[in-house]
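First comes the structure, then the notes that go with it.
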2 protein chains.
Amino acid sequence: MMVSTKGRYALIVMIDLAANQGEGYVSLSDIAGRQMLSMKYLENVVSILNKGGLLASLRGKNGGYRLAKKPEEYTINEILNLTEGSLAPVECIKNGDLNCDKAASCMTLPLWVGLDRAIEKYLSSVTLDDVICGRRKTMLGDWCTECKE
Amino acid sequence: MMVSTKGRYALIVMIDLAANQGEGYVSLSDIAGRQMLSMKYLENVVSILNKGGLLASLRGKNGGYRLAKKPEEYTINEILNLTEGSLAPVECIKNGDLNCDKAASCMTLPLWVGLDRAIEKYLSSVTLDDVICGRRKTMLGDWCTECKE
DNA sequence: TTAATTCCTACTTTTAAGATAGGAATTCGG
DNA sequence: CCGAATTCCTATCTTAAAAGTAGGAATTAA
């Protein structure tokens, strides 16, 4: 499985915030309650989002989190890349640099680079707002033809 | 990391076979020796390829493995899907069926389905022969512009 | 001042990946 | 027929990563 709970929960939190934030901040216990997830575990996830600048936070009573920008300004790629660390399909292309000594002669490397790009291209083409609205614009055309049935 | 050693080693074995098989069969110890991999571990990987019909095998002395068809007739998708079990980015779309009770109301599901398709589309566009020849035809155009430099 | 919250560090548990081991079954060549 | 080389099968061990928990310090609003 390529996307762990960290990335999936992060997306859920972002969606929940978009739906439930008004002018103020939304507390983690509210989100955890609504989404039926462990608040303690969400703390870990949200901390990554917050440090990465995707969220704004307020400590203390009535504190909580809110989106740092508008839903249409987040790509899914930036959310998942941040929380997962990297979405690279294999170790050797993790940091952009090809950190493998056999890279020059590796027959499979171009394949992994191509796959990495295909993934990035797709995830960069979808915004948080697209997901929330169930919008279906991507390079593949409809991204969920099942939903039409 | 999305592709485990199983899938990566499987690819390496397929490439090695394409390069080294003549009329006869190639033994695992030969492949393991050339590729500097544990033969015992390769046994597990190759067993999947063999059961899946991607390889033909001959037991006993002078036995070994060979490709069941021509390199250009394998897509990378079929090799990786078989050895990895599934390349689905998340659990809930693993078997084509959406085996999650919240599927109907899940906002992120279409995203995962779309991602799954983007991956499948890319990996189906590349054949084993493409990888061996370093050929660069895919939906993304060149799949390794780095290689040109 | 108190209650609610984020924030930080560390730990535990669980699961999957990666790797190894031993031996049965098969096949070829002498 | 025999022995060496091999696939094939099942079971096990090891290691690393994911998933989840715990406790308490720092902060803030009412």
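So you can find residues: chains in the structure tokens are A, B, ... in the order shown, residues in each start at 1, and ligands are numbered from 1 in order.
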
Return as an NGL selection string the full set of residues in chain A whose backbone-based DSSP assignment is alpha helix (DSSP H). :A and (5-20 or 28-35 or 39-51 or 76-84 or 109-124 or 128-133)

Which residues of chain C are close to chain A, meaning at most 10 Å apart when you count only C-alpha atoms (C1' of nucleotides), and how do they look as a list in words? DA3, DA4, DT5, DT6 and DC7 of chain C

Residue subset to file, keeping N, CA and C atoms (P, O5', C5', C4', C3', O3' and C1' of nucleotides), as an mmCIF file, in the first residue's frame:
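See again.cif below for the written result:
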data_model
loop_
_atom_site.group_PDB
_atom_site.id
_atom_site.type_symbol
_atom_site.label_atom_id
_atom_site.label_comp_id
_atom_site.auth_asym_id
_atom_site.auth_seq_id
_atom_site.Cartn_x
_atom_site.Cartn_y
_atom_site.Cartn_z
ATOM 1 P P DA C 3 -11.181 23.530 36.434
ATOM 2 O "O5'" DA C 3 -11.777 23.339 34.969
ATOM 3 C "C5'" DA C 3 -12.580 24.360 34.403
ATOM 4 C "C4'" DA C 3 -12.269 24.479 32.930
ATOM 5 C "C3'" DA C 3 -12.036 23.133 32.242
ATOM 6 O "O3'" DA C 3 -12.831 23.091 31.074
ATOM 7 C "C1'" DA C 3 -10.249 24.615 31.779
ATOM 8 P P DA C 4 -12.872 21.804 30.178
ATOM 9 O "O5'" DA C 4 -12.117 22.317 28.875
ATOM 10 C "C5'" DA C 4 -12.523 23.535 28.267
ATOM 11 C "C4'" DA C 4 -11.511 23.913 27.216
ATOM 12 C "C3'" DA C 4 -11.167 22.793 26.233
ATOM 13 O "O3'" DA C 4 -11.205 23.332 24.925
ATOM 14 C "C1'" DA C 4 -9.199 23.668 27.192
ATOM 15 P P DT C 5 -11.496 22.450 23.727
ATOM 16 O "O5'" DT C 5 -9.995 22.164 23.260
ATOM 17 C "C5'" DT C 5 -9.423 23.002 22.322
ATOM 18 C "C4'" DT C 5 -7.972 23.277 22.622
ATOM 19 C "C3'" DT C 5 -6.970 22.309 22.028
ATOM 20 O "O3'" DT C 5 -6.912 22.427 20.643
ATOM 21 C "C1'" DT C 5 -6.223 23.376 24.036
ATOM 22 P P DT C 6 -6.125 21.346 19.782
ATOM 23 O "O5'" DT C 6 -4.660 21.970 19.717
ATOM 24 C "C5'" DT C 6 -4.500 23.309 19.239
ATOM 25 C "C4'" DT C 6 -3.125 23.833 19.612
ATOM 26 C "C3'" DT C 6 -1.969 23.171 18.857
ATOM 27 O "O3'" DT C 6 -0.984 24.174 18.597
ATOM 28 C "C1'" DT C 6 -1.690 22.822 21.161
ATOM 29 P P DC C 7 0.253 23.899 17.620
ATOM 30 O "O5'" DC C 7 1.314 23.195 18.562
ATOM 31 C "C5'" DC C 7 2.092 24.005 19.448
ATOM 32 C "C4'" DC C 7 2.940 23.092 20.333
ATOM 33 C "C3'" DC C 7 3.888 22.170 19.579
ATOM 34 O "O3'" DC C 7 5.206 22.541 19.955
ATOM 35 C "C1'" DC C 7 2.793 21.055 21.366
#

Enumerate, in order of chain and increasing residue number, the residues of chain D with an atom no farther than 8 Å from chain A, each with its shortest atom pair and distance in Å to one decimal, counting only C-alpha atoms (C1' of nucleotides), as a tab-separated table.
residue	atom	partner	partner_atom	distance
D:DA18	C1'	A:Ser4	CA	7.8
D:DG20	C1'	A:Tyr41	CA	6.3
D:DT21	C1'	A:Lys40	CA	7.4
D:DT27	C1'	A:Gly60	CA	5.1
D:DT28	C1'	A:Gly60	CA	3.9
D:DA29	C1'	A:Lys61	CA	5.4

Apply DSSP to the backbone of this structure and, from chain A, keep only the residues in strand (DSSP E); write these as a PyMOL selection string. chain A and resi 55-58+64-67

Give me the residues within 12 Å of DG24 of chain D as a CSV table (one decimal) with C-alpha atoms (C1' of nucleotides), in the first residue's frame, counting only C-alpha atoms (C1' of nucleotides) and dropping any in the same chain fewer than 4 places off.
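Written file, result.csv:
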chain,number,residue,atom,x,y,z
C,7,DC,C1',2.8,21.1,21.4
C,8,DC,C1',6.6,18.0,22.4
C,9,DT,C1',9.1,13.7,23.4
C,10,DA,C1',9.1,9.1,24.2

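Using only C-alpha atoms, the nearest neighbour of chain B within the list A:Pro89, A:Asp97, A:Leu128, A:Gly24 is A:Pro89.
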
Set the cut-off to 7 Å and count only C-alpha atoms: what are the residues of chain A that reach chain B? Output as a ChimeraX atom specification. /A:1-3,88-91,107-108,110-111,113-115,118-119,122,131-132,134,143-144

Writing out the chosen residues with N, CA and C atoms as a compact mmCIF listing (two decimals), in the first residue's frame:
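The resulting file, out24.txt, is shown below:
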# COMPACT_ATOMS: atom_id res chain seq x y z
N MET A 1 0.85 -1.19 0.00
CA MET A 1 0.00 0.00 0.00
C MET A 1 0.88 1.23 0.00
N MET A 2 0.53 2.10 -0.87
CA MET A 2 1.42 3.21 -1.10
C MET A 2 1.14 4.42 -0.20
N VAL A 3 -0.10 4.64 0.13
CA VAL A 3 -0.45 5.78 0.98
C VAL A 3 -0.85 5.26 2.36
N ALA A 88 7.70 8.70 -3.72
CA ALA A 88 8.53 7.98 -4.67
C ALA A 88 8.24 6.48 -4.61
N PRO A 89 8.10 5.86 -5.77
CA PRO A 89 7.74 4.44 -5.80
C PRO A 89 8.86 3.52 -5.33
N VAL A 90 10.10 4.00 -5.40
CA VAL A 90 11.23 3.21 -4.91
C VAL A 90 12.21 4.11 -4.17
N GLU A 91 12.97 3.50 -3.30
CA GLU A 91 13.93 4.20 -2.44
C GLU A 91 14.86 5.12 -3.23
N MET A 107 18.96 -0.40 -15.42
CA MET A 107 17.99 -0.44 -16.50
C MET A 107 16.60 -0.02 -16.06
N THR A 108 16.31 -0.21 -14.77
CA THR A 108 14.95 0.06 -14.32
C THR A 108 14.75 1.50 -13.83
N PRO A 110 14.96 4.52 -15.22
CA PRO A 110 14.07 5.41 -15.98
C PRO A 110 12.60 5.05 -15.80
N LEU A 111 12.35 3.79 -15.60
CA LEU A 111 10.97 3.35 -15.37
C LEU A 111 10.42 3.98 -14.09
N VAL A 113 11.52 6.61 -12.53
CA VAL A 113 11.40 8.07 -12.69
C VAL A 113 10.10 8.41 -13.43
N GLY A 114 9.83 7.65 -14.47
CA GLY A 114 8.60 7.89 -15.23
C GLY A 114 7.36 7.65 -14.40
N LEU A 115 7.39 6.61 -13.59
CA LEU A 115 6.24 6.32 -12.74
C LEU A 115 6.05 7.43 -11.72
N ALA A 118 4.39 10.29 -13.36
CA ALA A 118 2.97 10.06 -13.66
C ALA A 118 2.13 10.27 -12.40
N ILE A 119 2.65 9.79 -11.28
CA ILE A 119 1.95 9.96 -10.01
C ILE A 119 1.88 11.43 -9.62
N TYR A 122 -0.53 13.40 -11.80
CA TYR A 122 -1.94 13.21 -11.46
C TYR A 122 -2.30 13.94 -10.17
N VAL A 131 -11.62 17.56 -4.60
CA VAL A 131 -12.02 16.38 -3.82
C VAL A 131 -13.30 16.66 -3.06
N ILE A 132 -13.36 17.83 -2.45
CA ILE A 132 -14.53 18.18 -1.65
C ILE A 132 -15.78 18.27 -2.50
N GLY A 134 -16.28 16.83 -5.29
CA GLY A 134 -16.51 15.67 -6.14
C GLY A 134 -16.33 16.01 -7.60
N TRP A 143 -12.44 11.08 -13.21
CA TRP A 143 -11.60 10.26 -12.36
C TRP A 143 -12.41 9.28 -11.55
N CYS A 144 -13.69 9.23 -11.77
CA CYS A 144 -14.48 8.20 -11.11
C CYS A 144 -15.73 7.92 -11.90

Could you tell me how far atom CA of Ala10 of chain A lies from atom CA of Tyr25 of chain A, in Å and to one decimal?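 It comes out at 16.8 Å.
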
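Comparing the minimum interatomic distances between Ile79 of chain B and each of B:Asn50, B:Ser105, B:Asn44, B:Asn20, counting only C-alpha atoms, we find that B:Asn50 sits nearest.
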
Length of the atom CA of Ala68 of chain A to atom CA of Ala56 of chain A vector [Å]: 5.3 Å
